[in-house]
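Trainee: Got a file for you: final.csv, CSV, C-alpha atoms and all ligand atoms.
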```csv
chain,number,residue,atom,x,y,z
A,1,MET,CA,-58.0,44.3,-62.4
A,2,ALA,CA,-58.9,47.8,-63.6
A,3,LYS,CA,-57.2,50.9,-64.8
A,4,ILE,CA,-57.6,53.8,-62.4
A,5,GLY,CA,-57.0,57.4,-63.3
A,6,VAL,CA,-56.1,59.4,-60.2
A,7,LEU,CA,-56.4,63.2,-60.7
A,8,GLY,CA,-54.4,64.7,-58.0
A,9,SER,CA,-50.7,65.2,-57.0
A,10,GLY,CA,-51.5,65.7,-53.3
A,11,GLU,CA,-51.8,63.5,-50.2
A,12,VAL,CA,-55.1,62.0,-51.2
A,13,GLY,CA,-54.0,61.1,-54.7
A,14,GLY,CA,-50.9,59.5,-53.3
A,15,SER,CA,-52.6,57.5,-50.6
A,16,LEU,CA,-55.4,56.1,-52.9
A,17,ALA,CA,-52.9,55.5,-55.8
A,18,LYS,CA,-50.9,53.4,-53.4
A,19,GLY,CA,-54.0,51.5,-52.3
A,20,PHE,CA,-55.1,50.7,-55.8
A,21,LEU,CA,-51.6,49.6,-56.8
A,22,GLU,CA,-51.3,47.3,-53.8
A,23,ALA,CA,-54.7,45.8,-54.8
A,24,GLY,CA,-53.2,45.0,-58.2
A,25,HIS,CA,-54.7,47.7,-60.4
A,26,GLU,CA,-53.0,49.9,-62.9
A,27,VAL,CA,-52.8,53.6,-61.9
A,28,MET,CA,-52.0,56.7,-63.8
A,29,ARG,CA,-51.7,59.8,-61.6
A,30,GLY,CA,-52.5,63.2,-63.3
A,31,SER,CA,-51.3,66.7,-62.6
A,32,ARG,CA,-51.1,70.0,-64.4
A,33,GLU,CA,-47.3,69.4,-64.1
A,34,PRO,CA,-46.8,65.6,-64.3
A,35,SER,CA,-43.0,66.1,-63.8
A,36,LYS,CA,-43.7,66.8,-60.1
A,37,LEU,CA,-44.8,63.1,-59.8
A,38,SER,CA,-41.7,61.7,-61.4
A,39,LYS,CA,-40.2,60.7,-58.1
A,40,TRP,CA,-43.4,59.0,-57.0
A,41,LYS,CA,-43.5,57.0,-60.3
A,42,GLU,CA,-39.9,55.8,-59.8
A,43,GLY,CA,-40.9,54.2,-56.5
A,44,ALA,CA,-44.4,53.0,-57.3
A,45,GLY,CA,-43.7,50.0,-59.6
A,46,PRO,CA,-44.4,48.9,-63.1
A,47,LYS,CA,-48.2,49.4,-62.9
A,48,ALA,CA,-47.8,53.1,-62.1
A,49,SER,CA,-47.6,55.9,-64.6
A,50,ILE,CA,-48.0,59.7,-64.7
A,51,GLY,CA,-49.6,62.1,-67.1
A,52,THR,CA,-51.6,65.3,-67.5
A,53,PHE,CA,-55.2,65.5,-66.1
A,54,LYS,CA,-56.3,64.8,-69.6
A,55,GLU,CA,-54.2,61.7,-70.0
A,56,ALA,CA,-55.1,60.3,-66.6
A,57,ALA,CA,-58.8,60.8,-67.1
A,58,ALA,CA,-58.7,59.1,-70.5
A,59,PHE,CA,-56.6,56.2,-69.1
A,60,GLY,CA,-59.0,55.5,-66.2
A,61,GLU,CA,-61.8,53.0,-66.6
A,62,SER,CA,-62.7,54.6,-63.2
A,63,ILE,CA,-61.5,58.0,-62.0
A,64,VAL,CA,-60.5,59.4,-58.6
A,65,LEU,CA,-61.0,63.1,-58.3
A,66,ALA,CA,-58.5,64.3,-55.7
A,67,VAL,CA,-58.0,68.0,-56.4
A,68,LYS,CA,-58.5,71.1,-54.4
A,69,GLY,CA,-62.3,71.6,-54.1
A,70,ALA,CA,-62.3,75.1,-55.5
A,71,ALA,CA,-60.4,73.9,-58.6
A,72,ALA,CA,-62.5,70.7,-59.3
A,73,GLY,CA,-64.5,72.3,-62.1
A,74,ALA,CA,-61.4,73.7,-63.7
A,75,ALA,CA,-59.6,70.3,-63.4
A,76,ILE,CA,-62.5,68.5,-65.1
A,77,ASP,CA,-62.4,71.1,-67.9
A,78,ASP,CA,-58.7,70.6,-68.3
A,79,ALA,CA,-59.1,66.8,-68.3
A,80,GLY,CA,-61.9,66.9,-70.8
A,81,PRO,CA,-65.4,66.2,-69.5
A,82,GLN,CA,-66.0,63.6,-72.3
A,83,SER,CA,-63.4,61.3,-70.6
A,84,PHE,CA,-65.7,61.1,-67.6
A,85,ALA,CA,-68.8,59.9,-69.5
A,86,GLY,CA,-70.1,56.5,-68.3
A,87,LYS,CA,-67.3,56.2,-65.7
A,88,THR,CA,-67.4,55.9,-61.9
A,89,VAL,CA,-65.9,59.1,-60.5
A,90,MET,CA,-64.7,58.7,-56.9
A,91,ASP,CA,-65.1,62.3,-55.6
A,92,THR,CA,-62.9,62.9,-52.6
A,93,THR,CA,-63.1,66.7,-52.8
A,94,ASN,CA,-64.4,69.1,-50.1
A,95,PRO,CA,-65.6,72.6,-50.9
A,96,ILE,CA,-63.1,74.4,-48.6
A,97,ALA,CA,-63.1,78.2,-49.0
A,98,GLU,CA,-59.9,80.3,-49.1
A,99,ALA,CA,-60.7,82.0,-45.8
A,100,PRO,CA,-59.1,80.4,-42.8
A,101,PRO,CA,-60.9,78.2,-40.3
A,102,GLN,CA,-62.7,80.0,-37.5
A,103,ASN,CA,-61.8,78.5,-34.1
A,104,GLY,CA,-61.0,75.3,-35.9
A,105,VAL,CA,-64.2,75.3,-38.1
A,106,LEU,CA,-63.5,75.2,-41.8
A,107,ARG,CA,-65.5,77.6,-44.1
A,108,PHE,CA,-67.1,76.2,-47.3
A,109,PHE,CA,-67.9,78.0,-50.5
A,110,THR,CA,-71.1,76.0,-50.9
A,111,ASP,CA,-74.2,76.2,-48.8
A,112,LEU,CA,-76.3,73.4,-47.2
A,113,ASN,CA,-78.8,73.3,-50.1
A,114,GLU,CA,-76.2,72.5,-52.9
A,115,SER,CA,-73.1,70.4,-52.5
A,116,LEU,CA,-69.9,70.5,-54.6
A,117,MET,CA,-70.6,67.0,-55.9
A,118,GLU,CA,-74.1,68.0,-57.1
A,119,LYS,CA,-72.5,70.9,-59.0
A,120,LEU,CA,-69.9,68.6,-60.6
A,121,GLN,CA,-72.6,66.0,-61.4
A,122,LYS,CA,-74.6,68.8,-63.2
A,123,LYS,CA,-71.5,69.8,-65.0
A,124,VAL,CA,-70.9,66.3,-66.3
A,125,PRO,CA,-74.3,64.6,-66.4
A,126,ALA,CA,-72.9,61.5,-68.1
A,127,ALA,CA,-70.4,60.8,-65.3
A,128,HIS,CA,-71.3,58.6,-62.3
A,129,PHE,CA,-70.1,60.6,-59.4
A,130,VAL,CA,-69.8,58.9,-56.0
A,131,LYS,CA,-68.9,60.9,-52.9
A,132,VAL,CA,-66.3,58.9,-51.0
A,133,PHE,CA,-63.1,59.2,-48.9
A,134,ASN,CA,-63.8,62.9,-48.1
A,135,ILE,CA,-64.5,62.3,-44.4
A,136,VAL,CA,-61.1,61.0,-43.2
A,137,GLY,CA,-57.5,62.0,-43.5
A,138,ALA,CA,-55.4,60.7,-46.4
A,139,ALA,CA,-53.3,58.6,-44.1
A,140,ALA,CA,-56.3,56.5,-43.0
A,141,MET,CA,-58.1,56.1,-46.4
A,142,VAL,CA,-56.6,52.6,-47.1
A,143,HIS,CA,-56.7,49.9,-44.4
A,144,PRO,CA,-57.7,52.2,-41.5
A,145,LYS,CA,-56.7,50.8,-38.2
A,146,PHE,CA,-58.8,51.8,-35.2
A,147,PRO,CA,-59.4,49.9,-31.9
A,148,GLY,CA,-63.2,50.1,-32.4
A,149,GLY,CA,-63.1,48.1,-35.7
A,150,PRO,CA,-63.6,49.2,-39.2
A,151,PRO,CA,-64.8,52.8,-39.4
A,152,THR,CA,-67.8,53.8,-41.6
A,153,MET,CA,-67.5,55.5,-45.0
A,154,PHE,CA,-70.6,57.4,-46.0
A,155,ILE,CA,-71.1,57.4,-49.8
A,156,CYS,CA,-73.8,58.8,-52.1
A,157,GLY,CA,-74.4,59.1,-55.8
A,158,ASN,CA,-77.1,58.7,-58.5
A,159,ASP,CA,-75.8,55.5,-60.1
A,160,LYS,CA,-76.3,52.2,-58.3
A,161,GLY,CA,-73.7,50.4,-60.3
A,162,ALA,CA,-71.1,53.0,-59.5
A,163,LYS,CA,-71.9,52.8,-55.8
A,164,ALA,CA,-71.7,49.0,-55.9
A,165,GLU,CA,-68.2,49.3,-57.5
A,166,VAL,CA,-67.1,51.8,-54.8
A,167,THR,CA,-68.5,49.6,-52.1
A,168,LYS,CA,-66.4,46.7,-53.3
A,169,ILE,CA,-63.3,49.0,-53.3
A,170,LEU,CA,-64.2,50.1,-49.8
A,171,ASP,CA,-64.6,46.4,-48.7
A,172,GLY,CA,-61.1,45.7,-50.0
A,173,PHE,CA,-59.7,48.8,-48.3
A,174,GLY,CA,-61.1,47.8,-44.9
A,175,TRP,CA,-64.2,50.1,-44.6
A,176,GLU,CA,-67.8,49.5,-43.6
A,177,THR,CA,-69.9,51.4,-46.2
A,178,TRP,CA,-73.1,53.2,-45.5
A,179,ASP,CA,-75.0,54.3,-48.7
A,180,MET,CA,-76.8,57.5,-48.0
A,181,GLY,CA,-78.7,57.7,-51.3
A,182,THR,CA,-78.5,60.1,-54.2
A,183,ALA,CA,-76.2,63.0,-55.0
A,184,GLU,CA,-78.2,65.4,-52.7
A,185,ALA,CA,-76.8,63.5,-49.7
A,186,ALA,CA,-73.4,65.1,-50.4
A,187,ARG,CA,-75.0,68.2,-48.8
A,188,ALA,CA,-74.7,66.2,-45.5
A,189,ILE,CA,-71.5,64.2,-46.2
A,190,GLU,CA,-69.3,67.0,-47.3
A,191,PRO,CA,-69.8,69.0,-44.1
A,192,LEU,CA,-68.7,65.9,-42.0
A,193,SER,CA,-65.2,66.9,-43.1
A,194,ILE,CA,-65.7,70.1,-41.1
A,195,LEU,CA,-66.4,68.1,-38.0
A,196,TRP,CA,-63.6,65.7,-38.7
A,197,CYS,CA,-61.1,68.5,-39.0
A,198,ILE,CA,-62.0,70.4,-35.7
A,199,PRO,CA,-59.9,68.2,-33.3
A,200,GLY,CA,-57.1,68.6,-35.8
A,201,PHE,CA,-57.1,72.3,-35.8
A,202,ILE,CA,-57.8,72.8,-32.1
A,203,GLN,CA,-55.7,70.0,-30.5
A,204,SER,CA,-53.5,68.6,-33.4
A,205,ASP,CA,-55.4,65.3,-33.3
A,206,TRP,CA,-56.0,64.0,-36.8
A,207,ASN,CA,-56.1,60.3,-36.0
A,208,HIS,CA,-59.8,59.5,-35.9
A,209,ALA,CA,-62.7,58.3,-38.1
A,210,PHE,CA,-66.5,58.1,-37.9
A,211,LYS,CA,-68.4,54.9,-37.0
A,212,LEU,CA,-72.1,54.6,-37.3
A,213,LEU,CA,-73.6,52.4,-34.5
A,214,LYS,CA,-76.7,50.5,-35.4
A,215,ALA,CA,-79.3,48.7,-33.2
A,216,LYS,CA,-79.0,45.5,-35.3
B,301,LIG,N1,-55.6,65.9,-47.4
B,301,LIG,C1,-56.5,65.1,-46.8
B,301,LIG,O1,-56.2,64.4,-45.8
B,301,LIG,C2,-57.9,65.1,-47.3
B,301,LIG,C3,-58.9,64.3,-46.7
B,301,LIG,C4,-60.1,64.2,-47.2
B,301,LIG,C5,-60.5,65.0,-48.3
B,301,LIG,N2,-59.6,65.8,-48.9
B,301,LIG,C6,-60.0,66.6,-50.1
B,301,LIG,O2,-59.4,65.9,-51.2
B,301,LIG,C7,-58.9,66.8,-52.2
B,301,LIG,C8,-57.4,66.6,-52.4
B,301,LIG,O3,-56.7,66.9,-51.3
B,301,LIG,P1,-55.1,66.9,-51.2
B,301,LIG,O4,-54.8,67.3,-49.8
B,301,LIG,O5,-54.6,65.6,-51.7
B,301,LIG,O6,-54.6,68.0,-52.2
B,301,LIG,P2,-55.0,69.5,-52.5
B,301,LIG,O7,-53.8,70.3,-52.1
B,301,LIG,O8,-56.3,69.9,-51.9
B,301,LIG,O9,-55.1,69.5,-54.1
B,301,LIG,C9,-54.0,69.2,-54.9
B,301,LIG,C10,-54.5,69.0,-56.3
B,301,LIG,O10,-55.3,70.1,-56.7
B,301,LIG,C11,-54.9,70.5,-58.0
B,301,LIG,N3,-55.2,72.0,-58.2
B,301,LIG,C12,-54.9,73.0,-57.3
B,301,LIG,N4,-55.3,74.2,-57.9
B,301,LIG,C13,-55.7,73.9,-59.1
B,301,LIG,C14,-56.2,74.7,-60.2
B,301,LIG,N5,-56.3,76.0,-60.1
B,301,LIG,N6,-56.6,74.0,-61.3
B,301,LIG,C15,-56.5,72.7,-61.4
B,301,LIG,N7,-56.1,71.9,-60.5
B,301,LIG,C16,-55.7,72.5,-59.3
B,301,LIG,C17,-53.4,70.3,-58.0
B,301,LIG,O11,-53.0,70.2,-59.3
B,301,LIG,P3,-51.4,70.1,-59.7
B,301,LIG,O12,-51.1,68.6,-59.5
B,301,LIG,O13,-51.4,70.5,-61.1
B,301,LIG,O14,-50.7,70.9,-58.7
B,301,LIG,C18,-53.3,69.0,-57.2
B,301,LIG,O15,-53.4,67.9,-58.1
B,301,LIG,C19,-59.3,68.2,-51.7
B,301,LIG,O16,-60.6,68.5,-52.3
B,301,LIG,C20,-59.4,68.0,-50.2
B,301,LIG,O17,-60.3,68.9,-49.6
B,301,LIG,C21,-58.3,65.9,-48.4
```
Go through the file and emit its structure as structure tokens.
Mentor:
Amino acid sequence: MAKIGVLGSGEVGGSLAKGFLEAGHEVMRGSREPSKLSKWKEGAGPKASIGTFKEAAAFGESIVLAVKGAAAGAAIDDAGPQSFAGKTVMDTTNPIAEAPPQNGVLRFFTDLNESLMEKLQKKVPAAHFVKVFNIVGAAAMVHPKFPGGPPTMFICGNDKGAKAEVTKILDGFGWETWDMGTAEAARAIEPLSILWCIPGFIQSDWNHAFKLLKAK
């Protein structure tokens, strides 16, 4: 059983914190204002705690980064980059720009030749970032139920050990994992969130996930 620091008071932090607690781990959720998570803590059991970004990052043997994409760098600065060194960082973020979607198509503040995760990996070279969970809605991140069987989670990152750890977590959460390689692959994985959101914005359908079909 591990200690997981979850940076994020939003839906993603809530869904993944619940999943990790159900799997028997200890979880500290972090926020700039931890008091906003007091109610969550009351209902989350003895293995749940709350703190600042700094406290949650220091607590975690592994870290979930579940903050607004545009604020990810600031949140890491606030948490203290030294607390990320040598740890697996599950990066759920998407680089969504402030401008509204255009006909259901989100706008990004990155371009196709450099992803947000690569920027974060460069910012904290000693951390082991793995892109994960960014291509599905928070409600389906843990034990997704779809008639076509387990959906596919695309992951990438530079550290093989961190990706093995994340693959094991995904196995437990009911996903099929497809490792797309090094951090550069986040240039392709992050924009899948744009595709995933289109049916949501144009026809209020948020209940779907990707599945990769293979010949063998
Ligand atoms: N919602 C989904 O279904 C979904 C699905 C896939 C991926 N994602 C991605 O996952 C991430 C989390 O999404 P979310 O919907 O759970 O929450 P969110 O509303 O995107 O982010 C909330 C978190 O961002 C932090 N934050 C916002 N502005 C900040 C700033 N200026 N400085 C530092 N921290 C700041 C908040 O801190 P405080 O706690 O201090 O307020 C909070 O913890 C996002 O990058 C999103 O694109 C979301």
Trainee: At what distance in Å, to one decimal, does atom CA of A:Leu192 lie from atom CA of A:Thr152?
Mentor: 12.1 Å
Trainee: Counting all atoms listed in the file, what are the residues, protein, DNA or RNA alike, that approach ligand LIG 301 (chain B) to within 8 Å? I want them as a ChimeraX atom specification.
Mentor: /A:7-14,30-34,36,65-72,74-75,78,92-96,133-139,193
Trainee: Report as a PDB file with C-alpha atoms, in the coordinates of the input all protein, DNA and RNA residues lying within 10 Å of A:Lys145, evaluated on only C-alpha atoms, omitting residues in the same chain fewer than 5 positions from it.
Mentor:
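Dumped everything to out.pdb:
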```
ATOM      1  CA  ALA A 140     -56.300  56.500 -43.000  1.00  0.00           C
ATOM      2  CA  PRO A 150     -63.600  49.200 -39.200  1.00  0.00           C
ATOM      3  CA  PRO A 151     -64.800  52.800 -39.400  1.00  0.00           C
ATOM      4  CA  GLY A 174     -61.100  47.800 -44.900  1.00  0.00           C
ATOM      5  CA  TRP A 175     -64.200  50.100 -44.600  1.00  0.00           C
ATOM      6  CA  ASN A 207     -56.100  60.300 -36.000  1.00  0.00           C
ATOM      7  CA  HIS A 208     -59.800  59.500 -35.900  1.00  0.00           C
ATOM      8  CA  ALA A 209     -62.700  58.300 -38.100  1.00  0.00           C
TER       9      ALA A 209
END
```
Trainee: With distances taken over only C-alpha atoms, which residue among A:Ala44, A:Ala79, A:Leu16, A:Leu213 lies nearest A:Gly148?
Mentor: A:Leu213
Trainee: Report the distance between atom CA of A:Lys18 and atom CA of A:Asp77 in Å, rounded to one decimal place.
Mentor: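 Separation of atom CA of A:Lys18 and atom CA of A:Asp77: 25.6 Å.
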Trainee: Nearest residue to A:Lys3 out of A:Asn113, A:Ser15, A:Thr167, A:Ser49, using all atoms listed in the file?
Mentor: A:Ser49
Trainee: For A:Glu26, please output as a PyMOL selection string all residues within 9 Å (counting only C-alpha atoms; exclusion window: fewer than 2 positions along the same chain).
Mentor: chain A and resi 1-5+20-21+24+28+46-49+60
Trainee: For atom CA of A:Val89 and atom CA of A:Val166, quote the distance in Å rounded to one decimal.
Mentor: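 These two atoms are separated by 9.3 Å.
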Trainee: Write out as a PyMOL selection string each polymer residue whose atoms come within 8 Å of A:Asp179, counting only C-alpha atoms; drop sequence neighbours fewer than 2 positions from it.
Mentor: chain A and resi 154-156+163+177+181
Trainee: Which residue out of A:Cys197, A:Leu37, A:Val6, A:Met117 has the minimum interatomic distance to A:Asn158 when only C-alpha atoms are used?
Mentor: A:Met117
Trainee: For the point (-72.3, 73.1, -53.3) in file coordinates, what residues are within 12 Å, counting all atoms listed in the file? Give the answer as JSON, numbers by chain?
Mentor: {"A": [69, 70, 72, 73, 93, 94, 95, 96, 97, 108, 109, 110, 111, 112, 113, 114, 115, 116, 117, 118, 119, 120, 121, 122, 183, 184, 185, 186, 187, 188, 189, 190, 191]}
Trainee: Quick one: of A:Lys87, A:Lys123, A:Lys131, A:Arg29, who's nearest to A:Phe53, counting all atoms listed in the file?
Mentor: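 Looking at the shortest contact to A:Phe53, the residue is A:Arg29.
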Trainee: Rank nothing, just name the residue among A:Val142, A:Gly104, A:Pro125, A:Pro147 nearest to A:Gly200, using only C-alpha atoms.
Mentor: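 Using only C-alpha atoms, the shortest distance to A:Gly200 belongs to A:Gly104.
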Trainee: Could you check which of A:Thr88, A:Pro81, A:Ala126, A:Asn103 is closest to A:Pro199, using all atoms listed in the file?
Mentor: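 Looking only at the distances to A:Pro199, the closest residue turns out to be A:Asn103.
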Trainee: Would you mind listing what lies within 9 Å of A:Ser83 as a PyMOL selection string, with only C-alpha atoms counted and same-chain residues fewer than 6 positions away left out?
Mentor: chain A and resi 54+57-60+127
Trainee: Compile the contact shell of A:Val105 as a ChimeraX atom specification: residues with an atom at most 9 Å away, counting only C-alpha atoms, same-chain residues fewer than 3 positions apart removed.
Mentor: /A:100-102,194-195,197-198,201
Trainee: Can I get the selected residues back with C-alpha atoms, as a CSV table (one decimal), in the frame of the given file?
Mentor:
```
chain,number,residue,atom,x,y,z
A,100,PRO,CA,-59.1,80.4,-42.8
A,101,PRO,CA,-60.9,78.2,-40.3
A,102,GLN,CA,-62.7,80.0,-37.5
A,194,ILE,CA,-65.7,70.1,-41.1
A,195,LEU,CA,-66.4,68.1,-38.0
A,197,CYS,CA,-61.1,68.5,-39.0
A,198,ILE,CA,-62.0,70.4,-35.7
A,201,PHE,CA,-57.1,72.3,-35.8
```
Trainee: Keeping all heavy atoms (and nothing else), can you write stretch 198-209 of chain A of this structure as a PDB file, in the first residue's frame?
Mentor:
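What follows is the written file out.pdb:
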```pdb
ATOM      1  N   ILE A 198     -15.674  16.726 -27.850  1.00  0.00           N
ATOM      2  CA  ILE A 198     -16.567  17.259 -28.890  1.00  0.00           C
ATOM      3  C   ILE A 198     -18.016  16.756 -28.724  1.00  0.00           C
ATOM      4  O   ILE A 198     -18.953  17.578 -28.697  1.00  0.00           O
ATOM      5  CB  ILE A 198     -16.023  16.977 -30.310  1.00  0.00           C
ATOM      6  CG1 ILE A 198     -14.767  17.816 -30.554  1.00  0.00           C
ATOM      7  CG2 ILE A 198     -17.082  17.309 -31.375  1.00  0.00           C
ATOM      8  CD1 ILE A 198     -14.045  17.502 -31.871  1.00  0.00           C
ATOM      9  N   PRO A 199     -18.255  15.441 -28.566  1.00  0.00           N
ATOM     10  CA  PRO A 199     -19.660  15.011 -28.401  1.00  0.00           C
ATOM     11  C   PRO A 199     -20.301  15.635 -27.164  1.00  0.00           C
ATOM     12  O   PRO A 199     -21.514  15.864 -27.136  1.00  0.00           O
ATOM     13  CB  PRO A 199     -19.557  13.485 -28.248  1.00  0.00           C
ATOM     14  CG  PRO A 199     -18.206  13.113 -28.757  1.00  0.00           C
ATOM     15  CD  PRO A 199     -17.315  14.305 -28.530  1.00  0.00           C
ATOM     16  N   GLY A 200     -19.488  15.919 -26.148  1.00  0.00           N
ATOM     17  CA  GLY A 200     -20.005  16.566 -24.945  1.00  0.00           C
ATOM     18  C   GLY A 200     -20.507  17.963 -25.240  1.00  0.00           C
ATOM     19  O   GLY A 200     -21.631  18.333 -24.886  1.00  0.00           O
ATOM     20  N   PHE A 201     -19.665  18.738 -25.907  1.00  0.00           N
ATOM     21  CA  PHE A 201     -20.049  20.132 -26.170  1.00  0.00           C
ATOM     22  C   PHE A 201     -21.175  20.231 -27.201  1.00  0.00           C
ATOM     23  O   PHE A 201     -22.032  21.097 -27.095  1.00  0.00           O
ATOM     24  CB  PHE A 201     -18.830  20.933 -26.650  1.00  0.00           C
ATOM     25  CG  PHE A 201     -17.841  21.229 -25.555  1.00  0.00           C
ATOM     26  CD1 PHE A 201     -16.506  20.877 -25.690  1.00  0.00           C
ATOM     27  CD2 PHE A 201     -18.241  21.864 -24.380  1.00  0.00           C
ATOM     28  CE1 PHE A 201     -15.591  21.149 -24.674  1.00  0.00           C
ATOM     29  CE2 PHE A 201     -17.332  22.140 -23.359  1.00  0.00           C
ATOM     30  CZ  PHE A 201     -16.003  21.775 -23.509  1.00  0.00           C
ATOM     31  N   ILE A 202     -21.183  19.347 -28.218  1.00  0.00           N
ATOM     32  CA  ILE A 202     -22.189  19.550 -29.265  1.00  0.00           C
ATOM     33  C   ILE A 202     -23.482  18.767 -29.044  1.00  0.00           C
ATOM     34  O   ILE A 202     -24.516  19.159 -29.556  1.00  0.00           O
ATOM     35  CB  ILE A 202     -21.634  19.328 -30.694  1.00  0.00           C
ATOM     36  CG1 ILE A 202     -21.149  17.907 -30.898  1.00  0.00           C
ATOM     37  CG2 ILE A 202     -20.521  20.320 -31.031  1.00  0.00           C
ATOM     38  CD1 ILE A 202     -20.677  17.645 -32.329  1.00  0.00           C
ATOM     39  N   GLN A 203     -23.435  17.649 -28.275  1.00  0.00           N
ATOM     40  CA  GLN A 203     -24.695  16.920 -28.046  1.00  0.00           C
ATOM     41  C   GLN A 203     -24.842  16.435 -26.599  1.00  0.00           C
ATOM     42  O   GLN A 203     -25.587  15.481 -26.347  1.00  0.00           O
ATOM     43  CB  GLN A 203     -24.856  15.762 -29.050  1.00  0.00           C
ATOM     44  CG  GLN A 203     -23.732  14.751 -29.014  1.00  0.00           C
ATOM     45  CD  GLN A 203     -23.512  14.057 -30.356  1.00  0.00           C
ATOM     46  OE1 GLN A 203     -23.631  14.674 -31.406  1.00  0.00           O
ATOM     47  NE2 GLN A 203     -23.201  12.777 -30.323  1.00  0.00           N
ATOM     48  N   SER A 204     -24.140  17.085 -25.679  1.00  0.00           N
ATOM     49  CA  SER A 204     -24.233  16.763 -24.244  1.00  0.00           C
ATOM     50  C   SER A 204     -23.991  15.292 -23.949  1.00  0.00           C
ATOM     51  O   SER A 204     -24.588  14.729 -23.032  1.00  0.00           O
ATOM     52  CB  SER A 204     -25.598  17.179 -23.682  1.00  0.00           C
ATOM     53  OG  SER A 204     -25.751  18.548 -23.784  1.00  0.00           O
ATOM     54  N   ASP A 205     -23.159  14.642 -24.726  1.00  0.00           N
ATOM     55  CA  ASP A 205     -22.841  13.233 -24.506  1.00  0.00           C
ATOM     56  C   ASP A 205     -21.398  13.132 -24.003  1.00  0.00           C
ATOM     57  O   ASP A 205     -20.442  13.320 -24.758  1.00  0.00           O
ATOM     58  CB  ASP A 205     -23.015  12.467 -25.834  1.00  0.00           C
ATOM     59  CG  ASP A 205     -22.619  11.003 -25.682  1.00  0.00           C
ATOM     60  OD1 ASP A 205     -22.253  10.582 -24.571  1.00  0.00           O
ATOM     61  OD2 ASP A 205     -22.675  10.275 -26.698  1.00  0.00           O
ATOM     62  N   TRP A 206     -21.268  12.828 -22.714  1.00  0.00           N
ATOM     63  CA  TRP A 206     -19.941  12.768 -22.087  1.00  0.00           C
ATOM     64  C   TRP A 206     -19.578  11.333 -21.701  1.00  0.00           C
ATOM     65  O   TRP A 206     -18.565  11.106 -21.042  1.00  0.00           O
ATOM     66  CB  TRP A 206     -19.918  13.645 -20.824  1.00  0.00           C
ATOM     67  CG  TRP A 206     -20.201  15.089 -21.084  1.00  0.00           C
ATOM     68  CD1 TRP A 206     -21.395  15.723 -20.943  1.00  0.00           C
ATOM     69  CD2 TRP A 206     -19.269  16.090 -21.548  1.00  0.00           C
ATOM     70  NE1 TRP A 206     -21.271  17.056 -21.280  1.00  0.00           N
ATOM     71  CE2 TRP A 206     -19.980  17.298 -21.650  1.00  0.00           C
ATOM     72  CE3 TRP A 206     -17.914  16.065 -21.870  1.00  0.00           C
ATOM     73  CZ2 TRP A 206     -19.383  18.493 -22.073  1.00  0.00           C
ATOM     74  CZ3 TRP A 206     -17.306  17.249 -22.295  1.00  0.00           C
ATOM     75  CH2 TRP A 206     -18.048  18.445 -22.390  1.00  0.00           C
ATOM     76  N   ASN A 207     -20.445  10.365 -22.083  1.00  0.00           N
ATOM     77  CA  ASN A 207     -20.285   9.011 -21.565  1.00  0.00           C
ATOM     78  C   ASN A 207     -19.652   8.083 -22.610  1.00  0.00           C
ATOM     79  O   ASN A 207     -20.335   7.246 -23.217  1.00  0.00           O
ATOM     80  CB  ASN A 207     -21.654   8.483 -21.104  1.00  0.00           C
ATOM     81  CG  ASN A 207     -21.514   7.258 -20.228  1.00  0.00           C
ATOM     82  OD1 ASN A 207     -20.418   6.925 -19.790  1.00  0.00           O
ATOM     83  ND2 ASN A 207     -22.613   6.584 -19.990  1.00  0.00           N
ATOM     84  N   HIS A 208     -18.376   8.241 -22.826  1.00  0.00           N
ATOM     85  CA  HIS A 208     -17.685   7.420 -23.821  1.00  0.00           C
ATOM     86  C   HIS A 208     -16.194   7.366 -23.471  1.00  0.00           C
ATOM     87  O   HIS A 208     -15.713   8.152 -22.648  1.00  0.00           O
ATOM     88  CB  HIS A 208     -17.879   7.993 -25.239  1.00  0.00           C
ATOM     89  CG  HIS A 208     -17.675   9.471 -25.308  1.00  0.00           C
ATOM     90  ND1 HIS A 208     -18.701  10.379 -25.175  1.00  0.00           N
ATOM     91  CD2 HIS A 208     -16.555  10.212 -25.439  1.00  0.00           C
ATOM     92  CE1 HIS A 208     -18.228  11.610 -25.246  1.00  0.00           C
ATOM     93  NE2 HIS A 208     -16.912  11.536 -25.401  1.00  0.00           N
ATOM     94  N   ALA A 209     -15.501   6.441 -24.085  1.00  0.00           N
ATOM     95  CA  ALA A 209     -14.050   6.310 -23.879  1.00  0.00           C
ATOM     96  C   ALA A 209     -13.460   5.698 -25.143  1.00  0.00           C
ATOM     97  O   ALA A 209     -14.176   5.117 -25.957  1.00  0.00           O
ATOM     98  CB  ALA A 209     -13.758   5.421 -22.673  1.00  0.00           C
TER      99      ALA A 209
END
```
